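Asks: Dropping the structure in here first, questions after.
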Amino acid sequence: MGLLQNVIFGLVTGSYIAIAAIGFTLIYGIVNMINFAYGEYLTVGAFVGLLTAVTLPLPLPVAVLVAMVGGGVASLVLARLFFTPINHTGPVPMLLTSIGLGIALRNLIRLAAGRNARYFDTETATFRLTGVPDVPVGPFDLLGDFFVTSEHLVVVGCAVAVFLLLHGLLTRTDVGIAMRAMGDDEDLARVRGVDTQWIRDSVWVLAGVLAGLAGVLIAIQTNVSAGTGYSHILQILAAAILGGAGSPYGAIAGSYIIGLVLSLSTAFLPGGMAELSSAMAFLILVVVLLVKPSGLAAREVREA
Amino acid sequence: MSVADRLPLGDVEGNGALVLGAVCVLLAAVFALTPLVVSLPGSLYVFFEVGILFALYGVLVLGLDLQYGHTGLVNFGHVAFFAVGAYAVAMLSAQDSFAGVSLGLPWPVALLGGVVVAALLGAAVGATSIRLRDDFLAVATLATAEIVHSLFVSFEGIFGGNVGIGGVPQPVSDLAGDADTAMLATLLLFGGVTLVTLAAVTRLTEAPYGRVLRAIRADELVTRSVGKSVITYKMQSFVYGAALAGLAGGLFALYTGAVAPGYFTIQVTVTVWIGMLLGGAANHRGVLAGLAVIMGLRLLSRFALGVTPISADAFASVRLVVVGLILVAVIRYRPAGIWGDAEELGVDT
């Protein structure tokens, strides 16, 4: 498999990590917590999408929308039940709560859905656009042959749409501007008349919607099982911290770096070492925390 | 002033644990070294198995409590040090393993090696991450544990991949007359080690040294302003905890005779964390009691499995749902734990 093919895979992986990482980093920036259960929100979205598209069955675009709504609702309900009541206790109890919640959610899903991976039947869901198989690139032997599937296009397209909408939200709407104000200085925002609880709830919904979308895209691109969220949370975390926790634009950049590293390291690692490609992501995370603990963009994470 | 002068010797709690621990180790030696044999009823095996695991996790939780309960260091990758200790002992002492590296050195050398390697990993993680904000330290340590886990799985030629390393000597089993006696001797020996560890950490934290650690947890800035090198104390506390985890891991390897990545998952970290939070961080006997509660649940669920109609697989999921919700509930309703001091820990109840 050629280098260019791995770059394409890296961009696709980076795209769905980015969609999720934006939600994750908004929660960090505004609620001031690392939400370890966030990976499970992806799984919830993926299964909601799967139920809609395969069990009902409704057309895939409808399923994607339902997954986003499901993710948003789940996120808000879980926040109200578990996180808002302990908001005042500081980052560590919040993190530990999210770890406990993540374990409970993951196993609830496993109880309901079983251990096996589930797939979208993309053929019957009338979703496959046109297969674009093996486009040869001619003399560039180094790059090799590559192909782009319709799933790839959908994932990258959704990511670009999310980036544009997010940029519009954060710069042109009252809610978005209030979110940025709260991320900078919550007390100041409150003094200036921002309804902080309402903004927090909006962030929970937005993050859940993004997680639902990312989850359903992962399910379309590969498959989904109860462990899907957990297997992605550390990549999302690495991307968000690499980009500077709390910074949505940083999270996008961090996600593509992580996606490319994961994909390219798979290409260069010998067979049987696939596990190591995820270790690469965490290694980057630890190295970033070591040399530039506030990430590529702002926000201080060191105290001493 | 030597170190011994700084440690209070009149402390009853620590001394009691030390004496009891020594008695346990002696009893274990009696069962292991003499031709004396016992036979245990089969129905009690499960208690012995969980008891042995409890003793090992007890050492883990005491180390973790030194880091979090006393110093405020949020180590969510504790299993990494446990695993590294176990793997180091296995690689150094195993003979004719079917996979991975096995050097066949004497087991006491290997056990020492395991403790040293875990302490070194602790020093490395501490040096890179200990300055991070609490929740980021948790993330960095958790990522470390995942890296360690994936290294064990990936490098089959060295660590034996998913199969792990077998052929680790089992000194207690080799010495004891039969399997039942070995089990009793192992439980007594490991229980003794846990009690001696309890005595040691109690001495350490009752001393002025422990007060500095708790001062760091309460207010780092104030501690630094009175001239204490906060980073040095944090590093020491982190390395002690890692070394204790390495010891527990090494004993685990010498008990099971084999190591594999499946023994060292995030579940281990979660179990000791819940035990610590449930019992009440910064209270040594409290964290052991909390661990006993959470591991008692494990025991209870084994019996419950026999009388419920659902499959073992589904039951495992149910148990983990309960475990996750216990963690959530403890933080919300008993943030200082059952035996913890809410005022000292600075939490709202």
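A note on labels: chains of the structure tokens are A, B, ... as shown, every chain counts residues from 1, and ligands are counted from 1 in their shown order.
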Would you pick out the contacts of A:Thr25 at 6 Å or less, using only C-alpha atoms, so that residues sharing its chain but fewer than 3 positions from it are not included, and give the list as a PDB file with N, CA, C and O atoms, in the first residue's frame?
Replies:
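File selection.pdb, as written:
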```
ATOM      1  N   ALA A  21     -13.160  15.558  18.760  1.00  0.00           N
ATOM      2  CA  ALA A  21     -12.238  16.318  19.619  1.00  0.00           C
ATOM      3  C   ALA A  21     -12.736  17.744  19.853  1.00  0.00           C
ATOM      4  O   ALA A  21     -12.476  18.324  20.911  1.00  0.00           O
ATOM      5  N   ILE A  22     -13.456  18.312  18.870  1.00  0.00           N
ATOM      6  CA  ILE A  22     -14.010  19.658  19.078  1.00  0.00           C
ATOM      7  C   ILE A  22     -14.977  19.633  20.264  1.00  0.00           C
ATOM      8  O   ILE A  22     -14.908  20.480  21.158  1.00  0.00           O
ATOM      9  N   TYR A  28     -14.008  20.688  27.917  1.00  0.00           N
ATOM     10  CA  TYR A  28     -12.867  21.032  28.758  1.00  0.00           C
ATOM     11  C   TYR A  28     -12.790  22.542  28.970  1.00  0.00           C
ATOM     12  O   TYR A  28     -12.616  23.023  30.089  1.00  0.00           O
ATOM     13  N   GLY A  29     -12.936  23.290  27.881  1.00  0.00           N
ATOM     14  CA  GLY A  29     -12.752  24.734  27.956  1.00  0.00           C
ATOM     15  C   GLY A  29     -13.830  25.426  28.774  1.00  0.00           C
ATOM     16  O   GLY A  29     -13.556  26.405  29.465  1.00  0.00           O
ATOM     17  N   ALA A 240      -6.900  16.632  21.388  1.00  0.00           N
ATOM     18  CA  ALA A 240      -7.338  17.856  22.063  1.00  0.00           C
ATOM     19  C   ALA A 240      -6.179  18.493  22.832  1.00  0.00           C
ATOM     20  O   ALA A 240      -6.017  19.712  22.827  1.00  0.00           O
ATOM     21  N   ALA A 245      -5.649  22.086  25.037  1.00  0.00           N
ATOM     22  CA  ALA A 245      -6.973  21.768  25.559  1.00  0.00           C
ATOM     23  C   ALA A 245      -7.805  23.029  25.702  1.00  0.00           C
ATOM     24  O   ALA A 245      -7.337  24.033  26.221  1.00  0.00           O
ATOM     25  N   GLY A 246      -9.024  22.994  25.218  1.00  0.00           N
ATOM     26  CA  GLY A 246      -9.911  24.147  25.291  1.00  0.00           C
ATOM     27  C   GLY A 246      -9.984  24.920  23.984  1.00  0.00           C
ATOM     28  O   GLY A 246     -10.856  25.754  23.816  1.00  0.00           O
TER      29      GLY A 246
END
```
Asks: Any idea which chain A residues end up within 9 Å of chain B if we count only C-alpha atoms, as JSON, numbers by chain please?
Replies: {"A": [33, 34, 82, 85, 86, 89, 91, 92, 93, 94, 95, 96, 97, 98, 99, 100, 101, 102, 103, 104, 105, 106, 107, 108, 110, 111, 114, 234, 237, 272, 273, 274, 275, 276, 278, 279, 280, 282, 283, 285, 286, 287, 289, 290, 291, 293, 300, 301, 302, 303, 304]}
Asks: Between atom CA of A:Pro248 and atom CA of A:Gln197, measure the distance and give it in Å to one decimal.
Replies: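 These two atoms are separated by 20.4 Å.
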Asks: From the list A:Phe120, A:Ser15, A:His232, A:Ala161, which residue is nearest A:Thr55 when using only C-alpha atoms?
Replies: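 Using only C-alpha atoms, the shortest distance to A:Thr55 belongs to A:Phe120.
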Asks: Any idea what's packed within 9 Å of stretch 246-256 of chain B, counting only C-alpha atoms, ignoring anything in its chain fewer than 5 positions away? Could you give it as a PyMOL selection string?
Replies: chain B and resi 53+55-60+79-90+93+107+110-119+168-173+186+190+241
Asks: Residues as selected, C-alpha atoms, written as a compact mmCIF listing (two decimals), in the first residue's frame, can you do that?
Replies:
```txt
# COMPACT_ATOMS: atom_id res chain seq x y z
CA LEU B 53 -5.49 -11.08 45.42
CA ALA B 55 -3.38 -8.91 49.92
CA LEU B 56 -1.59 -7.98 46.68
CA TYR B 57 -4.06 -5.22 45.82
CA GLY B 58 -3.66 -4.09 49.44
CA VAL B 59 -0.01 -3.29 48.73
CA LEU B 60 -1.15 -1.49 45.56
CA VAL B 79 -1.57 -0.87 36.94
CA ALA B 80 1.45 0.03 34.75
CA PHE B 81 3.81 -0.23 37.73
CA PHE B 82 2.13 -3.43 38.92
CA ALA B 83 2.51 -4.89 35.41
CA VAL B 84 6.10 -3.76 34.95
CA GLY B 85 7.08 -5.30 38.31
CA ALA B 86 5.39 -8.57 37.34
CA TYR B 87 6.93 -8.68 33.85
CA ALA B 88 10.40 -7.80 35.15
CA VAL B 89 10.23 -10.63 37.69
CA ALA B 90 8.90 -13.03 35.07
CA SER B 93 13.36 -15.52 36.79
CA TRP B 107 13.73 -15.43 42.21
CA ALA B 110 14.26 -11.10 40.15
CA LEU B 111 11.93 -9.71 42.84
CA LEU B 112 14.47 -7.03 43.71
CA GLY B 113 14.81 -6.33 39.97
CA GLY B 114 11.04 -5.99 39.65
CA VAL B 115 10.86 -3.42 42.43
CA VAL B 116 13.78 -1.46 40.97
CA VAL B 117 12.37 -1.45 37.42
CA ALA B 118 8.94 -0.28 38.66
CA ALA B 119 10.60 2.45 40.74
CA VAL B 168 8.06 -18.35 36.41
CA PRO B 169 9.23 -20.10 39.60
CA GLN B 170 6.56 -20.47 42.31
CA PRO B 171 8.73 -20.63 45.43
CA VAL B 172 5.89 -21.16 47.91
CA SER B 173 4.30 -23.95 45.88
CA THR B 186 0.77 -17.88 50.19
CA PHE B 190 1.17 -12.04 51.25
CA GLY B 241 4.13 4.18 45.39
```
